[in-house]
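Asks: I am sharing data37.cif, which consists of mmCIF, C-alpha atoms, pLDDT in the B column; chains and numbers go by the auth columns:
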data_work
#
loop_
_atom_site.group_PDB
_atom_site.id
_atom_site.type_symbol
_atom_site.label_atom_id
_atom_site.label_comp_id
_atom_site.label_asym_id
_atom_site.label_seq_id
_atom_site.Cartn_x
_atom_site.Cartn_y
_atom_site.Cartn_z
_atom_site.B_iso_or_equiv
_atom_site.auth_seq_id
_atom_site.auth_asym_id
ATOM 1 C CA MET A 1 -10.606 -6.803 -2.469 40.00 1 A
ATOM 2 C CA SER A 2 -7.130 -5.315 -2.635 52.00 2 A
ATOM 3 C CA ARG A 3 -4.219 -7.189 -1.165 60.00 3 A
ATOM 4 C CA PRO A 4 -2.885 -6.039 2.206 73.00 4 A
ATOM 5 C CA GLY A 5 0.224 -3.891 1.869 94.00 5 A
ATOM 6 C CA VAL A 6 3.015 -3.913 4.433 97.00 6 A
ATOM 7 C CA GLY A 7 3.246 -5.982 7.597 98.00 7 A
ATOM 8 C CA CYS A 8 5.956 -5.637 10.236 98.00 8 A
ATOM 9 C CA VAL A 9 7.857 -8.652 11.544 98.00 9 A
ATOM 10 C CA VAL A 10 9.588 -8.280 14.916 98.00 10 A
ATOM 11 C CA PRO A 11 11.513 -11.330 16.185 98.00 11 A
ATOM 12 C CA VAL A 12 11.948 -11.383 19.971 97.00 12 A
ATOM 13 C CA LYS A 13 14.052 -13.894 21.846 93.00 13 A
ATOM 14 C CA PRO A 14 12.929 -15.047 25.320 95.00 14 A
ATOM 15 C CA LEU A 15 13.266 -12.146 27.740 95.00 15 A
ATOM 16 C CA GLY A 16 15.461 -14.237 30.025 91.00 16 A
ATOM 17 C CA ALA A 17 18.091 -14.243 27.266 90.00 17 A
ATOM 18 C CA ALA A 18 17.670 -10.596 26.278 89.00 18 A
ATOM 19 C CA LEU A 19 20.498 -8.056 26.081 94.00 19 A
ATOM 20 C CA GLY A 20 23.193 -10.431 27.297 91.00 20 A
ATOM 21 C CA ARG A 21 25.987 -8.018 26.396 91.00 21 A
ATOM 22 C CA LEU A 22 24.678 -5.635 29.049 93.00 22 A
ATOM 23 C CA SER A 23 25.163 -8.192 31.816 90.00 23 A
ATOM 24 C CA ASP A 24 28.191 -6.327 33.147 88.00 24 A
ATOM 25 C CA VAL A 25 26.038 -3.294 34.033 87.00 25 A
ATOM 26 C CA LEU A 26 22.475 -4.613 34.333 92.00 26 A
ATOM 27 C CA ASP A 27 21.083 -7.597 36.209 92.00 27 A
ATOM 28 C CA PRO A 28 18.656 -9.994 34.451 94.00 28 A
ATOM 29 C CA GLU A 29 15.512 -8.286 35.750 95.00 29 A
ATOM 30 C CA ARG A 30 16.636 -4.873 34.516 94.00 30 A
ATOM 31 C CA ARG A 31 17.553 -6.349 31.145 95.00 31 A
ATOM 32 C CA ARG A 32 14.121 -7.965 30.893 96.00 32 A
ATOM 33 C CA ALA A 33 12.384 -4.709 31.743 97.00 33 A
ATOM 34 C CA LEU A 34 14.496 -2.753 29.256 97.00 34 A
ATOM 35 C CA GLN A 35 13.879 -5.195 26.403 97.00 35 A
ATOM 36 C CA ALA A 36 10.142 -5.266 27.118 98.00 36 A
ATOM 37 C CA ALA A 37 9.989 -1.460 27.067 98.00 37 A
ATOM 38 C CA MET A 38 11.894 -1.229 23.776 98.00 38 A
ATOM 39 C CA LEU A 39 9.559 -3.782 22.217 98.00 39 A
ATOM 40 C CA VAL A 40 6.542 -1.695 23.193 98.00 40 A
ATOM 41 C CA ASP A 41 8.094 1.424 21.642 98.00 41 A
ATOM 42 C CA VAL A 42 8.845 -0.483 18.428 98.00 42 A
ATOM 43 C CA LEU A 43 5.285 -1.814 18.241 98.00 43 A
ATOM 44 C CA ARG A 44 3.858 1.648 18.828 98.00 44 A
ATOM 45 C CA ALA A 45 5.991 2.954 15.968 98.00 45 A
ATOM 46 C CA CYS A 46 4.518 0.209 13.773 98.00 46 A
ATOM 47 C CA ALA A 47 0.982 1.010 14.888 98.00 47 A
ATOM 48 C CA GLY A 48 1.409 4.706 14.135 98.00 48 A
ATOM 49 C CA ALA A 49 3.090 4.357 10.750 98.00 49 A
ATOM 50 C CA GLY A 50 0.936 5.081 7.747 96.00 50 A
ATOM 51 C CA GLY A 51 1.102 2.179 5.310 96.00 51 A
ATOM 52 C CA VAL A 52 1.815 -0.469 7.933 97.00 52 A
ATOM 53 C CA GLU A 53 -1.264 -2.642 8.244 97.00 53 A
ATOM 54 C CA GLU A 54 -0.221 -5.227 10.812 97.00 54 A
ATOM 55 C CA ALA A 55 2.605 -6.079 13.189 98.00 55 A
ATOM 56 C CA LEU A 56 3.678 -9.657 13.832 98.00 56 A
ATOM 57 C CA VAL A 57 5.801 -10.541 16.858 98.00 57 A
ATOM 58 C CA VAL A 58 7.559 -13.881 16.557 98.00 58 A
ATOM 59 C CA SER A 59 8.396 -15.279 19.983 98.00 59 A
ATOM 60 C CA GLY A 60 7.914 -18.257 22.242 97.00 60 A
ATOM 61 C CA ASP A 61 8.011 -16.161 25.418 97.00 61 A
ATOM 62 C CA PRO A 62 4.581 -15.875 27.108 97.00 62 A
ATOM 63 C CA GLU A 63 5.409 -12.443 28.527 97.00 63 A
ATOM 64 C CA VAL A 64 6.430 -11.179 25.083 98.00 64 A
ATOM 65 C CA ALA A 65 3.193 -12.597 23.682 98.00 65 A
ATOM 66 C CA ARG A 66 1.189 -10.784 26.365 98.00 66 A
ATOM 67 C CA LEU A 67 2.921 -7.475 25.647 97.00 67 A
ATOM 68 C CA ALA A 68 2.480 -7.884 21.912 98.00 68 A
ATOM 69 C CA ALA A 69 -1.215 -8.686 22.190 97.00 69 A
ATOM 70 C CA ALA A 70 -1.743 -5.677 24.468 98.00 70 A
ATOM 71 C CA GLU A 71 -0.274 -3.470 21.724 98.00 71 A
ATOM 72 C CA GLY A 72 -2.510 -4.971 19.055 98.00 72 A
ATOM 73 C CA ALA A 73 0.162 -7.110 17.406 98.00 73 A
ATOM 74 C CA ARG A 74 -0.385 -10.629 16.126 98.00 74 A
ATOM 75 C CA VAL A 75 1.771 -13.257 17.800 98.00 75 A
ATOM 76 C CA VAL A 76 3.433 -15.976 15.744 98.00 76 A
ATOM 77 C CA PRO A 77 4.905 -18.731 17.956 98.00 77 A
ATOM 78 C CA ASP A 78 8.628 -19.216 17.501 98.00 78 A
ATOM 79 C CA HIS A 79 10.263 -22.593 17.073 97.00 79 A
ATOM 80 C CA ALA A 80 10.560 -24.545 20.319 95.00 80 A
ATOM 81 C CA PRO A 81 13.356 -24.430 21.198 94.00 81 A
ATOM 82 C CA PRO A 82 14.227 -21.193 19.339 93.00 82 A
ATOM 83 C CA ARG A 83 16.450 -21.555 16.283 95.00 83 A
ATOM 84 C CA GLY A 84 17.713 -17.983 16.212 94.00 84 A
ATOM 85 C CA MET A 85 16.573 -14.614 14.952 95.00 85 A
ATOM 86 C CA ASN A 86 16.624 -15.415 11.250 97.00 86 A
ATOM 87 C CA ALA A 87 14.572 -18.579 11.649 98.00 87 A
ATOM 88 C CA ALA A 88 12.052 -16.521 13.628 98.00 88 A
ATOM 89 C CA VAL A 89 11.919 -13.887 10.877 98.00 89 A
ATOM 90 C CA ARG A 90 11.216 -16.587 8.294 98.00 90 A
ATOM 91 C CA LEU A 91 8.184 -17.690 10.303 98.00 91 A
ATOM 92 C CA GLY A 92 6.927 -14.106 10.244 98.00 92 A
ATOM 93 C CA THR A 93 7.514 -13.466 6.557 98.00 93 A
ATOM 94 C CA ARG A 94 5.915 -16.817 5.732 98.00 94 A
ATOM 95 C CA ALA A 95 2.838 -15.800 7.719 98.00 95 A
ATOM 96 C CA LEU A 96 2.654 -12.489 5.845 98.00 96 A
ATOM 97 C CA SER A 97 2.966 -14.255 2.501 97.00 97 A
ATOM 98 C CA ALA A 98 0.213 -16.681 3.448 97.00 98 A
ATOM 99 C CA ALA A 99 -2.035 -13.730 4.345 97.00 99 A
ATOM 100 C CA GLY A 100 -1.373 -12.078 0.975 96.00 100 A
ATOM 101 C CA PHE A 101 0.781 -9.165 2.143 97.00 101 A
ATOM 102 C CA GLU A 102 2.802 -7.431 -0.547 97.00 102 A
ATOM 103 C CA ALA A 103 5.817 -6.573 1.622 97.00 103 A
ATOM 104 C CA ALA A 104 7.437 -7.266 4.972 98.00 104 A
ATOM 105 C CA LEU A 105 9.150 -4.679 7.159 98.00 105 A
ATOM 106 C CA ILE A 106 11.554 -6.577 9.396 98.00 106 A
ATOM 107 C CA LEU A 107 12.611 -4.765 12.558 98.00 107 A
ATOM 108 C CA VAL A 108 14.889 -5.748 15.403 97.00 108 A
ATOM 109 C CA ALA A 109 13.237 -5.372 18.799 97.00 109 A
ATOM 110 C CA ASP A 110 15.786 -3.088 20.458 97.00 110 A
ATOM 111 C CA LEU A 111 15.247 0.214 18.623 97.00 111 A
ATOM 112 C CA PRO A 112 14.136 2.598 21.398 97.00 112 A
ATOM 113 C CA LEU A 113 14.421 5.721 19.220 97.00 113 A
ATOM 114 C CA ALA A 114 12.295 4.335 16.386 97.00 114 A
ATOM 115 C CA ARG A 115 9.139 6.276 15.665 97.00 115 A
ATOM 116 C CA ALA A 116 6.394 6.063 13.067 98.00 116 A
ATOM 117 C CA ALA A 117 8.039 8.720 10.871 97.00 117 A
ATOM 118 C CA ASP A 118 11.176 6.582 10.559 98.00 118 A
ATOM 119 C CA LEU A 119 9.191 3.609 9.303 98.00 119 A
ATOM 120 C CA GLU A 120 7.217 5.813 6.934 97.00 120 A
ATOM 121 C CA ALA A 121 10.519 7.066 5.486 96.00 121 A
ATOM 122 C CA LEU A 122 11.522 3.482 4.690 96.00 122 A
ATOM 123 C CA LEU A 123 8.226 2.801 2.998 97.00 123 A
ATOM 124 C CA ALA A 124 8.439 6.015 0.991 96.00 124 A
ATOM 125 C CA ALA A 125 11.940 5.179 -0.246 96.00 125 A
ATOM 126 C CA ALA A 126 11.113 1.623 -1.346 95.00 126 A
ATOM 127 C CA PRO A 127 11.472 0.705 -5.020 91.00 127 A
ATOM 128 C CA PRO A 128 8.080 0.161 -6.674 87.00 128 A
ATOM 129 C CA GLY A 129 8.610 -3.460 -7.683 91.00 129 A
ATOM 130 C CA PRO A 130 10.422 -6.420 -6.127 95.00 130 A
ATOM 131 C CA GLY A 131 13.274 -5.170 -4.009 96.00 131 A
ATOM 132 C CA ALA A 132 14.560 -4.226 -0.602 97.00 132 A
ATOM 133 C CA THR A 133 15.070 -1.108 1.486 97.00 133 A
ATOM 134 C CA VAL A 134 17.664 -1.281 4.247 97.00 134 A
ATOM 135 C CA ALA A 135 18.355 0.890 7.282 97.00 135 A
ATOM 136 C CA PRO A 136 21.833 0.111 8.611 97.00 136 A
ATOM 137 C CA SER A 137 23.040 0.118 12.182 96.00 137 A
ATOM 138 C CA ARG A 138 24.987 3.181 13.262 93.00 138 A
ATOM 139 C CA ASP A 139 28.339 1.454 12.676 92.00 139 A
ATOM 140 C CA GLY A 140 27.309 0.751 9.081 93.00 140 A
ATOM 141 C CA THR A 141 27.699 -3.020 9.262 94.00 141 A
ATOM 142 C CA GLY A 142 24.380 -4.301 10.610 95.00 142 A
ATOM 143 C CA THR A 143 20.785 -4.196 9.392 97.00 143 A
ATOM 144 C CA ASN A 144 18.283 -2.772 11.857 97.00 144 A
ATOM 145 C CA ALA A 145 15.318 -2.480 9.495 98.00 145 A
ATOM 146 C CA LEU A 146 14.694 -4.269 6.219 98.00 146 A
ATOM 147 C CA LEU A 147 11.721 -3.777 3.920 98.00 147 A
ATOM 148 C CA VAL A 148 11.332 -6.658 1.460 97.00 148 A
ATOM 149 C CA ARG A 149 8.843 -6.866 -1.420 97.00 149 A
ATOM 150 C CA PRO A 150 7.454 -9.531 -1.702 97.00 150 A
ATOM 151 C CA PRO A 151 7.871 -10.728 1.902 97.00 151 A
ATOM 152 C CA GLU A 152 10.033 -13.772 1.099 97.00 152 A
ATOM 153 C CA ALA A 153 12.047 -12.253 -1.745 96.00 153 A
ATOM 154 C CA LEU A 154 15.184 -12.058 0.399 95.00 154 A
ATOM 155 C CA ASP A 155 16.335 -14.555 2.997 93.00 155 A
ATOM 156 C CA PRO A 156 16.974 -12.745 6.304 95.00 156 A
ATOM 157 C CA ARG A 157 20.625 -12.615 7.372 94.00 157 A
ATOM 158 C CA LEU A 158 20.454 -10.578 10.589 95.00 158 A
ATOM 159 C CA GLY A 159 23.538 -10.649 12.787 90.00 159 A
ATOM 160 C CA PRO A 160 27.149 -9.486 12.472 90.00 160 A
ATOM 161 C CA ASP A 161 27.961 -7.897 9.097 94.00 161 A
ATOM 162 C CA SER A 162 24.379 -8.427 7.959 96.00 162 A
ATOM 163 C CA LEU A 163 24.268 -5.340 5.756 96.00 163 A
ATOM 164 C CA ALA A 164 26.927 -6.661 3.362 96.00 164 A
ATOM 165 C CA ARG A 165 25.270 -10.062 3.284 96.00 165 A
ATOM 166 C CA HIS A 166 21.845 -8.593 2.550 96.00 166 A
ATOM 167 C CA LEU A 167 23.269 -6.441 -0.244 96.00 167 A
ATOM 168 C CA ALA A 168 25.102 -9.403 -1.757 96.00 168 A
ATOM 169 C CA ALA A 169 22.026 -11.616 -1.574 95.00 169 A
ATOM 170 C CA ALA A 170 19.894 -8.922 -3.195 96.00 170 A
ATOM 171 C CA ALA A 171 22.427 -8.553 -6.017 95.00 171 A
ATOM 172 C CA ARG A 172 22.391 -12.311 -6.658 95.00 172 A
ATOM 173 C CA ARG A 173 18.605 -12.154 -6.994 94.00 173 A
ATOM 174 C CA SER A 174 18.706 -8.983 -9.117 95.00 174 A
ATOM 175 C CA LEU A 175 16.601 -7.126 -6.558 95.00 175 A
ATOM 176 C CA ALA A 176 16.608 -3.327 -6.488 95.00 176 A
ATOM 177 C CA VAL A 177 18.010 -2.023 -3.198 96.00 177 A
ATOM 178 C CA VAL A 178 17.626 1.377 -1.543 96.00 178 A
ATOM 179 C CA ARG A 179 19.681 2.315 1.509 96.00 179 A
ATOM 180 C CA VAL A 180 18.054 4.736 3.960 97.00 180 A
ATOM 181 C CA GLU A 181 20.017 6.439 6.718 95.00 181 A
ATOM 182 C CA ARG A 182 17.820 7.130 9.743 96.00 182 A
ATOM 183 C CA PRO A 183 19.739 7.826 12.978 95.00 183 A
ATOM 184 C CA ALA A 184 16.768 6.690 15.066 96.00 184 A
ATOM 185 C CA LEU A 185 16.850 3.303 13.341 97.00 185 A
ATOM 186 C CA GLY A 186 20.626 3.106 13.528 97.00 186 A
ATOM 187 C CA LEU A 187 20.764 2.819 17.311 97.00 187 A
ATOM 188 C CA ASP A 188 20.107 -0.689 18.536 96.00 188 A
ATOM 189 C CA ILE A 189 21.003 -1.505 22.125 96.00 189 A
ATOM 190 C CA ASP A 190 23.750 -4.106 22.430 92.00 190 A
ATOM 191 C CA THR A 191 26.330 -2.551 24.733 92.00 191 A
ATOM 192 C CA ALA A 192 26.636 -0.084 27.599 91.00 192 A
ATOM 193 C CA GLU A 193 27.918 2.455 25.059 92.00 193 A
ATOM 194 C CA ASP A 194 24.742 2.012 23.012 94.00 194 A
ATOM 195 C CA LEU A 195 22.610 2.441 26.108 94.00 195 A
ATOM 196 C CA GLY A 196 24.541 5.565 27.039 92.00 196 A
ATOM 197 C CA ALA A 197 23.943 6.972 23.551 92.00 197 A
ATOM 198 C CA TYR A 198 20.234 6.314 23.934 94.00 198 A
ATOM 199 C CA LEU A 199 20.094 7.915 27.366 93.00 199 A
ATOM 200 C CA ALA A 200 21.773 11.036 25.975 91.00 200 A
ATOM 201 C CA ALA A 201 18.797 11.475 23.628 87.00 201 A
ATOM 202 C CA ALA A 202 15.956 9.595 25.340 79.00 202 A
ATOM 203 C CA PRO A 203 12.857 11.082 23.708 88.00 203 A
ATOM 204 C CA PRO A 204 9.506 10.511 25.397 91.00 204 A
ATOM 205 C CA GLY A 205 8.434 6.902 25.327 94.00 205 A
ATOM 206 C CA VAL A 206 8.054 3.763 27.369 97.00 206 A
ATOM 207 C CA THR A 207 11.788 3.051 27.262 96.00 207 A
ATOM 208 C CA ARG A 208 12.644 6.418 28.765 95.00 208 A
ATOM 209 C CA GLU A 209 10.120 5.882 31.556 95.00 209 A
ATOM 210 C CA VAL A 210 11.540 2.455 32.356 95.00 210 A
ATOM 211 C CA CYS A 211 15.139 3.696 32.234 94.00 211 A
ATOM 212 C CA ALA A 212 14.268 6.482 34.654 92.00 212 A
ATOM 213 C CA GLY A 213 12.446 4.149 37.007 93.00 213 A
ATOM 214 C CA LEU A 214 15.351 1.706 37.068 89.00 214 A
ATOM 215 C CA GLU A 215 17.929 4.524 37.368 87.00 215 A
ATOM 216 C CA LEU A 216 19.779 3.134 34.385 87.00 216 A
ATOM 217 C CA GLY A 217 21.456 6.455 33.655 79.00 217 A
ATOM 218 C CA GLU A 218 23.350 6.319 36.943 76.00 218 A
ATOM 219 C CA ARG A 219 24.345 2.695 36.416 71.00 219 A
ATOM 220 C CA VAL A 220 25.641 3.232 32.921 73.00 220 A
ATOM 221 C CA ALA A 221 27.465 6.439 33.889 64.00 221 A
ATOM 222 C CA VAL A 222 29.477 4.725 36.612 47.00 222 A
ATOM 223 C CA GLY A 223 29.630 1.277 35.035 48.00 223 A
ATOM 224 C CA ALA A 224 27.825 -0.146 38.016 48.00 224 A
ATOM 225 C CA PRO A 225 27.986 -3.927 38.060 45.00 225 A
ATOM 226 C CA ARG A 226 24.408 -5.216 37.759 44.00 226 A
#
Would you mind writing the file's structure down as structure tokens?
Replies:
Amino acid sequence: MSRPGVGCVVPVKPLGAALGRLSDVLDPERRRALQAAMLVDVLRACAGAGGVEEALVVSGDPEVARLAAAEGARVVPDHAPPRGMNAAVRLGTRALSAAGFEAALILVADLPLARAADLEALLAAAPPGPGATVAPSRDGTGTNALLVRPPEALDPRLGPDSLARHLAAAARRSLAVVRVERPALGLDIDTAEDLGAYLAAAPPGVTREVCAGLELGERVAVGAPR
């Protein structure tokens, strides 16, 4: 039997702690609903991408686990209490390694524009041997998607200035690196400005439906408190 190819790893913090930087315009329930919708869109992108064989969601939140299972993703329990995004990613990449996967595609959970074609572009650009493919955030400093072959070849360093840290770590390990610019992967939702940028595009998807139902466009436009 051939080894499985690429598995996606999506770390998700508890929904009660999601999107904290939007607290000035969205109340906790709206932030929960928005994060849940974005997760579903990300998982559907994984499911539709040729070459992606499985999606793993790493979370300790029962609601996240329910959503993930409904989308056909495997749930890997996070540390209890959570130890942060990178510790969660390590649990996912370790699970992929144990299952014999050749590569891990690490995605943040707040990429509402991401579609299967964007993930396929990352896979197509990947170097053939050990290495990494990175899709930066739109400001050019973060890492929103990271393809690593083999899954644990590069320690995850998600967070502020993660792109430079991933590139430096890859250089220390003599790993080939390819940078892929995909606008849909560049937009992660941290701030009201990010949400406004999404709403200006808002292609069909679960996130758009939820944003419309919660009237998020009006709230962001006027800076409505919560």
Asks: Might you spell out which residues the PyMOL selection byres ((chain A and resi 149) around 8) would select in the displayed file, as a PyMOL selection string?
Replies: chain A and resi 102-104+129-132+147-148+150-153
Asks: Give as a list of chain:residue names the residues that the PyMOL selection byres ((chain A and resi 96) around 9) matches when applied to the coordinates above.
Replies: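 Those residues are A:Val6, A:Gly7, A:Cys8, A:Val9, A:Leu56, A:Leu91, A:Gly92, A:Thr93, A:Arg94, A:Ala95, A:Ser97, A:Ala98, A:Ala99, A:Gly100, A:Phe101, A:Glu102, A:Ala103, A:Ala104, A:Pro151, A:Glu152.
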Asks: Could you take the residues named above and write them with C-alpha atoms, as a PDB file, in the coordinates of the input?
Replies:
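And here's selection10.pdb as it stands now:
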ATOM      1  CA  VAL A   6       3.015  -3.913   4.433  1.00 97.00           C
ATOM      2  CA  GLY A   7       3.246  -5.982   7.597  1.00 98.00           C
ATOM      3  CA  CYS A   8       5.956  -5.637  10.236  1.00 98.00           C
ATOM      4  CA  VAL A   9       7.857  -8.652  11.544  1.00 98.00           C
ATOM      5  CA  LEU A  56       3.678  -9.657  13.832  1.00 98.00           C
ATOM      6  CA  LEU A  91       8.184 -17.690  10.303  1.00 98.00           C
ATOM      7  CA  GLY A  92       6.927 -14.106  10.244  1.00 98.00           C
ATOM      8  CA  THR A  93       7.514 -13.466   6.557  1.00 98.00           C
ATOM      9  CA  ARG A  94       5.915 -16.817   5.732  1.00 98.00           C
ATOM     10  CA  ALA A  95       2.838 -15.800   7.719  1.00 98.00           C
ATOM     11  CA  SER A  97       2.966 -14.255   2.501  1.00 97.00           C
ATOM     12  CA  ALA A  98       0.213 -16.681   3.448  1.00 97.00           C
ATOM     13  CA  ALA A  99      -2.035 -13.730   4.345  1.00 97.00           C
ATOM     14  CA  GLY A 100      -1.373 -12.078   0.975  1.00 96.00           C
ATOM     15  CA  PHE A 101       0.781  -9.165   2.143  1.00 97.00           C
ATOM     16  CA  GLU A 102       2.802  -7.431  -0.547  1.00 97.00           C
ATOM     17  CA  ALA A 103       5.817  -6.573   1.622  1.00 97.00           C
ATOM     18  CA  ALA A 104       7.437  -7.266   4.972  1.00 98.00           C
ATOM     19  CA  PRO A 151       7.871 -10.728   1.902  1.00 97.00           C
ATOM     20  CA  GLU A 152      10.033 -13.772   1.099  1.00 97.00           C
TER      21      GLU A 152
END
Asks: Grab the CA of Leu34 in chain A to CA of Thr207 in chain A distance for me, in Å with one decimal place.
Replies: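 Separation between CA of Leu34 in chain A and CA of Thr207 in chain A: 6.7 Å.
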Asks: Can you tell me how far CA of Pro160 in chain A sits from CA of Met85 in chain A, in Å to one decimal?
Replies: 12.0 Å
Asks: Have a look at A:Glu71, A:Asp118, A:Asp161, A:Asp61 and name the one nearest to Ala145 in chain A; count only C-alpha atoms.
Replies: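 Result for the nearest residue to Ala145 in chain A: A:Asp118.
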Asks: What's around Gly84 in chain A at 12 Å? Count all atoms listed in the file, leave out sequence neighbours fewer than 6 positions away in its own chain, and write the answer as a PDB file with C-alpha atoms, in the coordinates of the input.
Replies:
ATOM      1  CA  PRO A  11      11.513 -11.330  16.185  1.00 98.00           C
ATOM      2  CA  VAL A  12      11.948 -11.383  19.971  1.00 97.00           C
ATOM      3  CA  LYS A  13      14.052 -13.894  21.846  1.00 93.00           C
ATOM      4  CA  PRO A  14      12.929 -15.047  25.320  1.00 95.00           C
ATOM      5  CA  ALA A  17      18.091 -14.243  27.266  1.00 90.00           C
ATOM      6  CA  VAL A  58       7.559 -13.881  16.557  1.00 98.00           C
ATOM      7  CA  SER A  59       8.396 -15.279  19.983  1.00 98.00           C
ATOM      8  CA  GLY A  60       7.914 -18.257  22.242  1.00 97.00           C
ATOM      9  CA  ASP A  78       8.628 -19.216  17.501  1.00 98.00           C
ATOM     10  CA  ARG A  90      11.216 -16.587   8.294  1.00 98.00           C
ATOM     11  CA  LEU A  91       8.184 -17.690  10.303  1.00 98.00           C
ATOM     12  CA  PRO A 156      16.974 -12.745   6.304  1.00 95.00           C
ATOM     13  CA  ARG A 157      20.625 -12.615   7.372  1.00 94.00           C
ATOM     14  CA  LEU A 158      20.454 -10.578  10.589  1.00 95.00           C
ATOM     15  CA  GLY A 159      23.538 -10.649  12.787  1.00 90.00           C
TER      16      GLY A 159
END
Asks: Grab the CA of Val108 in chain A to CA of Val42 in chain A distance for me, in Å with one decimal place.
Replies: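 According to the coordinates, CA of Val108 in chain A and CA of Val42 in chain A are separated by 8.6 Å.
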Asks: Go through the shown structure with the PyMOL selection byres ((chain A and resi 25) around 12) and write out the matching residues as a PyMOL selection string.
Replies: chain A and resi 19-24+26-31+190-193+195-196+215-226
Asks: Identify the residues around (3.5, 2.8, 8.9) within a radius of 12 Å, measuring from all atoms listed in the file in the coordinates stated by the file, and give them as a ChimeraX atom specification.
Replies: /A:5-8,42-55,104-105,114-124,147
Asks: Restricting it to C-alpha atoms, dump the selection as an mmCIF file, in the frame of the given file.
Replies:
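For reference, again.cif as written:
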data_model
loop_
_atom_site.group_PDB
_atom_site.id
_atom_site.type_symbol
_atom_site.label_atom_id
_atom_site.label_comp_id
_atom_site.auth_asym_id
_atom_site.auth_seq_id
_atom_site.Cartn_x
_atom_site.Cartn_y
_atom_site.Cartn_z
ATOM 1 C CA GLY A 5 0.224 -3.891 1.869
ATOM 2 C CA VAL A 6 3.015 -3.913 4.433
ATOM 3 C CA GLY A 7 3.246 -5.982 7.597
ATOM 4 C CA CYS A 8 5.956 -5.637 10.236
ATOM 5 C CA VAL A 42 8.845 -0.483 18.428
ATOM 6 C CA LEU A 43 5.285 -1.814 18.241
ATOM 7 C CA ARG A 44 3.858 1.648 18.828
ATOM 8 C CA ALA A 45 5.991 2.954 15.968
ATOM 9 C CA CYS A 46 4.518 0.209 13.773
ATOM 10 C CA ALA A 47 0.982 1.010 14.888
ATOM 11 C CA GLY A 48 1.409 4.706 14.135
ATOM 12 C CA ALA A 49 3.090 4.357 10.750
ATOM 13 C CA GLY A 50 0.936 5.081 7.747
ATOM 14 C CA GLY A 51 1.102 2.179 5.310
ATOM 15 C CA VAL A 52 1.815 -0.469 7.933
ATOM 16 C CA GLU A 53 -1.264 -2.642 8.244
ATOM 17 C CA GLU A 54 -0.221 -5.227 10.812
ATOM 18 C CA ALA A 55 2.605 -6.079 13.189
ATOM 19 C CA ALA A 104 7.437 -7.266 4.972
ATOM 20 C CA LEU A 105 9.150 -4.679 7.159
ATOM 21 C CA ALA A 114 12.295 4.335 16.386
ATOM 22 C CA ARG A 115 9.139 6.276 15.665
ATOM 23 C CA ALA A 116 6.394 6.063 13.067
ATOM 24 C CA ALA A 117 8.039 8.720 10.871
ATOM 25 C CA ASP A 118 11.176 6.582 10.559
ATOM 26 C CA LEU A 119 9.191 3.609 9.303
ATOM 27 C CA GLU A 120 7.217 5.813 6.934
ATOM 28 C CA ALA A 121 10.519 7.066 5.486
ATOM 29 C CA LEU A 122 11.522 3.482 4.690
ATOM 30 C CA LEU A 123 8.226 2.801 2.998
ATOM 31 C CA ALA A 124 8.439 6.015 0.991
ATOM 32 C CA LEU A 147 11.721 -3.777 3.920
#
